[in-house]
>>> print(open('model.txt').read())   # compact mmCIF, C-alpha atoms
# COMPACT_ATOMS: atom_id res chain seq x y z
CA MET A 121 -10.36 0.16 -17.74
CA ALA A 122 -9.07 -1.37 -14.52
CA SER A 123 -5.78 -2.61 -15.95
CA LEU A 124 -5.32 0.54 -18.05
CA ALA A 125 -5.78 2.74 -14.97
CA HIS A 126 -3.14 0.70 -13.14
CA GLN A 127 -0.77 1.01 -16.10
CA PHE A 128 -1.32 4.78 -16.18
CA ALA A 129 -0.32 4.91 -12.50
CA LEU A 130 2.80 2.82 -13.12
CA ALA A 131 3.83 5.00 -16.06
CA GLN A 132 3.12 8.42 -14.50
CA PRO A 133 4.02 9.10 -10.82
CA LEU A 134 1.30 11.79 -10.63
CA VAL A 135 -1.39 9.14 -11.17
CA SER A 136 -2.78 6.78 -8.55
CA ALA A 137 -5.36 4.16 -9.47
CA ASP A 138 -7.83 2.18 -7.37
CA VAL A 139 -9.93 -0.66 -8.69
CA VAL A 140 -13.01 -1.00 -6.48
CA SER A 141 -15.31 -4.00 -6.39
CA ALA A 142 -18.61 -2.14 -6.49
CA GLY A 143 -20.61 -5.14 -5.28
CA GLU A 144 -18.43 -5.55 -2.22
CA PHE A 145 -18.38 -1.86 -1.30
CA GLN A 146 -21.90 -0.76 -2.10
CA GLU A 147 -22.07 2.13 0.34
CA TYR A 148 -18.73 3.51 -0.83
CA SER A 149 -19.79 3.09 -4.47
CA SER A 150 -23.09 4.87 -3.86
CA ARG A 151 -21.11 7.91 -2.67
CA PHE A 152 -19.80 8.13 -6.23
CA ALA A 153 -23.24 7.42 -7.76
CA VAL A 154 -22.07 4.20 -9.36
CA GLN A 155 -25.04 2.77 -11.23
CA ALA A 156 -23.27 0.96 -14.04
CA VAL A 157 -19.79 -0.52 -14.36
CA PRO A 158 -17.13 0.05 -15.38
CA LYS A 159 -17.20 3.61 -14.15
CA THR A 160 -14.06 5.67 -13.57
CA VAL A 161 -14.13 8.62 -11.19
CA VAL A 162 -11.35 11.17 -11.65
CA ASN A 163 -10.27 13.20 -8.62
CA ALA A 164 -13.58 12.36 -6.92
CA ARG A 165 -15.57 14.54 -9.32
CA ALA A 166 -15.47 13.77 -13.05
CA ASP A 167 -16.97 10.52 -14.38
CA ILE A 168 -15.92 8.35 -17.28
CA VAL A 169 -18.59 5.74 -17.89
CA GLY A 170 -18.12 2.53 -19.83
CA GLY A 171 -15.25 0.72 -21.46
CA MET A 172 -13.18 2.31 -24.22
CA PRO A 173 -9.87 1.95 -26.07
CA GLU A 174 -6.62 3.16 -24.50
CA ALA A 175 -6.35 6.34 -26.62
CA MET A 176 -9.88 7.42 -25.78
CA PHE A 177 -9.44 6.65 -22.07
CA VAL A 178 -6.26 8.71 -21.70
CA ALA A 179 -7.95 11.58 -23.57
CA GLU A 180 -10.89 11.43 -21.16
CA VAL A 181 -8.52 11.41 -18.16
CA LEU A 182 -6.73 14.49 -19.52
CA ARG A 183 -10.04 16.25 -20.14
CA ALA A 184 -11.18 15.42 -16.59
CA ALA A 185 -7.90 16.91 -15.32
CA GLY A 186 -8.64 20.14 -17.17
CA ILE A 187 -6.26 19.54 -20.08
CA ASP A 188 -7.42 19.71 -23.70
CA PRO A 189 -6.31 16.36 -25.14
CA ASP A 190 -6.37 17.74 -28.69
CA ASN A 191 -4.16 20.75 -27.97
CA THR A 192 -0.68 19.30 -27.69
CA GLY A 193 1.07 22.62 -28.11
CA ASP A 194 1.46 23.35 -24.38
CA MET B 1322 -10.92 -24.40 -0.54
CA ALA B 1323 -8.58 -23.51 -3.37
CA PHE B 1324 -9.58 -20.56 -5.56
CA LEU B 1325 -7.56 -21.69 -8.54
CA ARG B 1326 -8.59 -24.84 -10.36
CA PRO B 1327 -5.76 -27.22 -11.27
CA ALA B 1328 -5.96 -26.20 -14.94
CA ASP B 1329 -5.75 -22.52 -13.96
CA VAL B 1330 -2.77 -23.13 -11.67
CA GLU B 1331 -0.63 -24.27 -14.58
CA ARG B 1332 -1.86 -21.49 -16.85
CA VAL B 1333 -1.11 -18.82 -14.23
CA ARG B 1334 2.27 -20.34 -13.39
CA LEU B 1335 3.29 -20.27 -17.08
CA ARG B 1336 2.10 -16.70 -17.50
CA LEU B 1337 4.04 -15.52 -14.44
CA GLU B 1338 7.14 -17.41 -15.52
CA ARG B 1339 6.95 -15.81 -18.98
CA ASP B 1340 6.01 -12.25 -18.00
CA LEU B 1341 7.60 -11.39 -14.65
CA GLU B 1342 10.95 -9.61 -14.72
CA ASP B 1343 11.64 -7.98 -11.33
CA ASP B 1344 10.28 -8.96 -7.92
CA VAL B 1345 6.94 -7.51 -6.87
CA ASP B 1346 5.51 -6.75 -3.43
CA VAL B 1347 1.82 -7.49 -3.00
CA ILE B 1348 0.68 -5.95 0.27
CA LEU B 1349 -2.69 -6.91 1.71
CA PHE B 1350 -4.30 -4.51 4.19
CA ALA B 1351 -7.02 -6.35 6.11
CA VAL B 1352 -8.23 -6.52 9.70
CA PRO B 1353 -8.09 -10.17 10.80
CA GLN B 1354 -11.42 -11.81 11.53
CA THR B 1355 -12.00 -12.74 15.16
CA GLY B 1356 -15.53 -14.04 14.83
CA LEU B 1357 -16.57 -11.69 17.63
CA PHE B 1358 -19.04 -8.88 17.11
CA VAL B 1359 -17.89 -5.68 18.73
CA PRO B 1360 -20.22 -2.68 18.28
CA GLY B 1361 -18.53 0.04 16.31
CA ARG B 1362 -15.67 -2.18 15.20
CA ASN B 1363 -15.57 -3.31 11.60
CA GLU B 1364 -13.86 -6.47 10.48
CA SER B 1365 -12.85 -7.32 6.98
CA ALA B 1366 -15.53 -9.56 5.50
CA THR B 1367 -13.33 -10.91 2.76
CA GLY B 1368 -9.79 -10.29 3.95
CA LYS B 1369 -9.22 -13.95 4.78
CA GLN B 1370 -10.40 -15.04 1.32
CA THR B 1371 -8.18 -12.42 -0.29
CA GLU B 1372 -5.17 -13.56 1.74
CA ALA B 1373 -5.79 -17.17 0.68
CA LEU B 1374 -6.07 -16.18 -2.98
CA LEU B 1375 -2.88 -14.10 -2.87
CA GLY B 1376 -1.11 -16.99 -1.19
CA GLU B 1377 -2.09 -19.30 -4.03
CA VAL B 1378 -0.73 -16.84 -6.59
CA ALA B 1379 2.51 -16.19 -4.67
CA ALA B 1380 3.11 -19.94 -4.49
CA LEU B 1381 3.38 -19.94 -8.28
CA SER B 1382 6.29 -17.49 -8.55
CA GLU B 1383 9.21 -16.76 -6.28
CA LYS B 1384 9.15 -13.18 -7.62
CA ILE B 1385 5.86 -12.39 -5.86
CA HIS B 1386 6.14 -11.44 -2.18
CA VAL B 1387 2.93 -11.18 -0.19
CA ARG B 1388 2.84 -9.26 3.07
CA VAL B 1389 -0.20 -8.71 5.29
CA VAL B 1390 -0.73 -5.48 7.23
CA ASN B 1391 -3.41 -5.09 9.91
CA PRO B 1392 -4.78 -1.54 9.53
CA ARG B 1393 -5.91 -1.54 13.15
CA THR B 1394 -2.46 -2.21 14.58
CA ASP B 1395 -0.53 -0.40 11.86
CA PRO B 1396 -2.55 2.68 10.98
CA ASP B 1397 0.54 4.68 9.98
CA GLU B 1398 1.52 2.30 7.18
CA THR B 1399 -2.12 2.02 6.11
CA THR B 1400 -2.33 5.80 5.80
CA ALA B 1401 1.04 6.01 4.06
CA PHE B 1402 -0.24 3.66 1.34
CA GLY B 1403 -3.45 5.70 0.93
CA VAL B 1404 -5.63 2.73 1.82
CA GLU B 1405 -9.28 3.61 2.38
CA LEU B 1406 -11.15 0.28 2.34
CA ASP B 1407 -10.70 -3.24 3.72
CA PRO B 1408 -9.53 -5.49 2.19
CA ALA B 1409 -7.06 -3.56 0.05
CA ILE B 1410 -4.24 -4.87 -2.12
CA VAL B 1411 -1.30 -2.67 -3.02
CA ILE B 1412 0.99 -3.80 -5.83
CA GLU B 1413 4.52 -2.41 -6.19
CA LYS B 1414 7.80 -3.27 -7.80
CA ARG B 1415 10.24 -4.42 -5.11
CA LEU B 1416 13.07 -1.90 -4.93
CA PRO B 1417 16.67 -2.86 -4.12
CA SER B 1418 17.41 -2.30 -0.45
CA GLY B 1419 18.73 1.20 0.15
CA SER B 1420 16.70 2.72 -2.70
CA PRO B 1421 14.69 5.82 -1.89
CA PRO B 1422 11.09 4.85 -1.13
CA ALA B 1423 8.74 4.90 -4.10
CA ALA B 1424 5.49 6.85 -3.97
CA ALA B 1425 3.63 4.29 -1.93
CA GLY B 1426 0.32 2.82 -2.89
CA ARG B 1427 -0.37 4.16 -6.34
CA VAL B 1428 -1.73 0.82 -7.61
CA ARG B 1429 -4.51 -0.51 -5.39
CA MET B 1430 -7.39 -2.97 -5.55
CA TYR B 1431 -10.28 -3.03 -3.10
CA GLY B 1432 -12.14 -6.31 -2.56
CA VAL B 1433 -11.45 -9.93 -3.42
CA PRO B 1434 -9.98 -10.11 -6.92
CA THR B 1435 -12.08 -12.96 -8.26
CA GLY B 1436 -13.61 -13.45 -11.69
CA TYR B 1437 -12.44 -10.93 -14.25
CA GLU B 1438 -10.65 -8.95 -11.54
CA PHE B 1439 -8.27 -11.85 -11.07
CA MET B 1440 -6.91 -10.96 -14.52
CA THR B 1441 -6.66 -7.32 -13.39
CA LEU B 1442 -4.54 -8.51 -10.46
CA LEU B 1443 -2.25 -10.55 -12.74
CA ASP B 1444 -1.99 -7.61 -15.17
CA ALA B 1445 -1.02 -5.26 -12.31
CA VAL B 1446 1.58 -7.65 -10.93
CA THR B 1447 3.02 -8.16 -14.40
CA ALA B 1448 3.08 -4.45 -15.25
CA ALA B 1449 4.71 -3.57 -11.91
CA SER B 1450 7.36 -6.21 -12.52
CA ARG B 1451 8.38 -4.96 -15.95
CA ALA B 1452 10.56 -1.97 -16.69
CA ALA B 1453 8.98 -1.07 -20.03
CA PRO B 1454 5.37 0.13 -20.03
CA THR B 1455 3.01 -1.66 -22.38
CA LEU B 1456 1.20 1.58 -23.19
CA SER B 1457 1.53 3.21 -26.60
CA ASP B 1458 3.95 6.12 -27.13
CA ASP B 1459 0.97 8.44 -27.68
CA THR B 1460 -0.54 7.44 -24.35
CA LEU B 1461 2.78 7.96 -22.55
CA ALA B 1462 3.11 11.41 -24.18
CA ALA B 1463 -0.45 12.28 -23.10
CA LEU B 1464 0.23 11.17 -19.51
CA GLY B 1465 3.39 13.28 -19.59
CA ARG B 1466 1.23 16.38 -20.00
CA LEU B 1467 -0.27 15.99 -16.52
CA ARG B 1468 0.98 18.59 -14.05
CA GLU B 1469 -1.21 17.84 -11.01
CA PRO B 1470 -1.96 14.58 -9.17
CA VAL B 1471 -4.78 12.52 -10.68
CA HIS B 1472 -6.64 9.92 -8.65
CA LEU B 1473 -8.50 7.33 -10.72
CA GLN B 1474 -11.13 5.10 -9.10
CA VAL B 1475 -12.41 2.40 -11.43
CA PHE B 1476 -15.58 0.75 -10.14
CA VAL B 1477 -16.05 -2.78 -11.40
CA THR B 1478 -18.13 -5.82 -10.57
CA PRO B 1479 -16.49 -9.23 -10.47
CA THR B 1480 -18.17 -11.61 -12.89
>>> encode(input="model.txt", output="structure tokens")
Amino acid sequence: MASLAHQFALAQPLVSADVVSAGEFQEYSSRFAVQAVPKTVVNARADIVGGMPEAMFVAEVLRAAGIDPDNTGD
Amino acid sequence: MAFLRPADVERVRLRLERDLEDDVDVILFAVPQTGLFVPGRNESATGKQTEALLGEVAALSEKIHVRVVNPRTDPDETTAFGVELDPAIVIEKRLPSGSPPAAAGRVRMYGVPTGYEFMTLLDAVTAASRAAPTLSDDTLAALGRLREPVHLQVFVTPT
């Protein structure tokens, strides 16, 4: 997820991606209720928990951004 | 103490030689350690380690340029790169001089990139260096549907 998030940011200027070492920044991580890794937080609100393939991850990011990943007619 | 074992040094050198195209800036934001405790003043616990690790990697390719920024003495640049934690690494393709500035700090790592996160660092440096994305066409089309900024924070634990 970490490398994919970075690649998303490199491919799309609207995306920024941080990879956070949860063990090193425990207090910061607890603000985002990180209990298991990998966990991806989108715009400080939506969560994507666990590892997944590229296609599923980008669909989850779209969904978290309020876009229906299955409706490509927009 | 070296982070990279001799066997890893050669492996990383070969990978960088094979995969890097353009030059990459790797900017470390870390407050230097003084060894003094000052109430209310935080020092980077692992900034020195991170700087040493980045130095070892940069020594393996002339296309990697490491620069260290002290957030305490350069808060403007730290803010401009969206850096929130210490130590932070920002990875960017080096632009030709005179180019308009890129959106700064869209690819960041917080903490020492050891264990599996060392591969994340190499992946980010490689991806920033290359013109063509390694993502599938479907993924690129999906990302193209975004209309508002999206901030991804991936929490990981080095193994």
>>> residues_around(input="model.txt", residues="Val1389 of chain B", least_positions_apart="5", cutoff="10 Å", atoms="only C-alpha atoms", output="PyMOL selection string")
chain B and resi 1347-1353+1368+1372+1410
>>> residues_around(input="model.txt", residues="Thr160 of chain A", least_positions_apart="4", cutoff="7 Å", atoms="all atoms listed in the file", output="mmCIF file with C-alpha atoms, in the coordinates of the input")
data_model
loop_
_atom_site.group_PDB
_atom_site.id
_atom_site.type_symbol
_atom_site.label_atom_id
_atom_site.label_comp_id
_atom_site.auth_asym_id
_atom_site.auth_seq_id
_atom_site.Cartn_x
_atom_site.Cartn_y
_atom_site.Cartn_z
ATOM 1 C CA ASP A 167 -16.970 10.520 -14.380
ATOM 2 C CA ILE A 168 -15.920 8.350 -17.280
ATOM 3 C CA VAL A 169 -18.590 5.740 -17.890
ATOM 4 C CA LEU B 1473 -8.500 7.330 -10.720
ATOM 5 C CA GLN B 1474 -11.130 5.100 -9.100
ATOM 6 C CA VAL B 1475 -12.410 2.400 -11.430
ATOM 7 C CA PHE B 1476 -15.580 0.750 -10.140
#
>>> residues_around(input="model.txt", residues="Met121 of chain A", least_positions_apart="3", cutoff="12 Å", atoms="only C-alpha atoms", output="PyMOL selection string")
(chain A and resi 124-128+137-140+157-161+168-178+180-181) or (chain B and resi 1437-1438+1441+1444+1473-1477)
>>> residues_around(input="model.txt", residues="segment 1400-1407 of chain B", least_positions_apart="2", cutoff="6 Å", atoms="all atoms listed in the file", output="ChimeraX atom specification")
/B:1351,1365,1397-1398,1409,1425-1426
>>> atom_distance(input="model.txt", atom1="atom CA of Leu130 of chain A", atom2="atom CA of Ala164 of chain A")
19.9 Å
>>> atom_distance(input="model.txt", atom1="atom CA of Gly1436 of chain B", atom2="atom CA of Ile1412 of chain B")
18.5 Å
>>> atom_distance(input="model.txt", atom1="atom CA of Glu1342 of chain B", atom2="atom CA of Thr1460 of chain B")
22.7 Å
>>> closest_residue(input="model.txt", among="A:Gly186, A:Gln146, A:Gln155, A:Ala179", to="Ala1462 of chain B", atoms="all atoms listed in the file")
A:Ala179
>>> closest_residue(input="model.txt", among="B:Val1471, B:Leu1337, B:Val1433, B:Leu1416", to="Gly143 of chain A", atoms="all atoms listed in the file")
B:Val1433
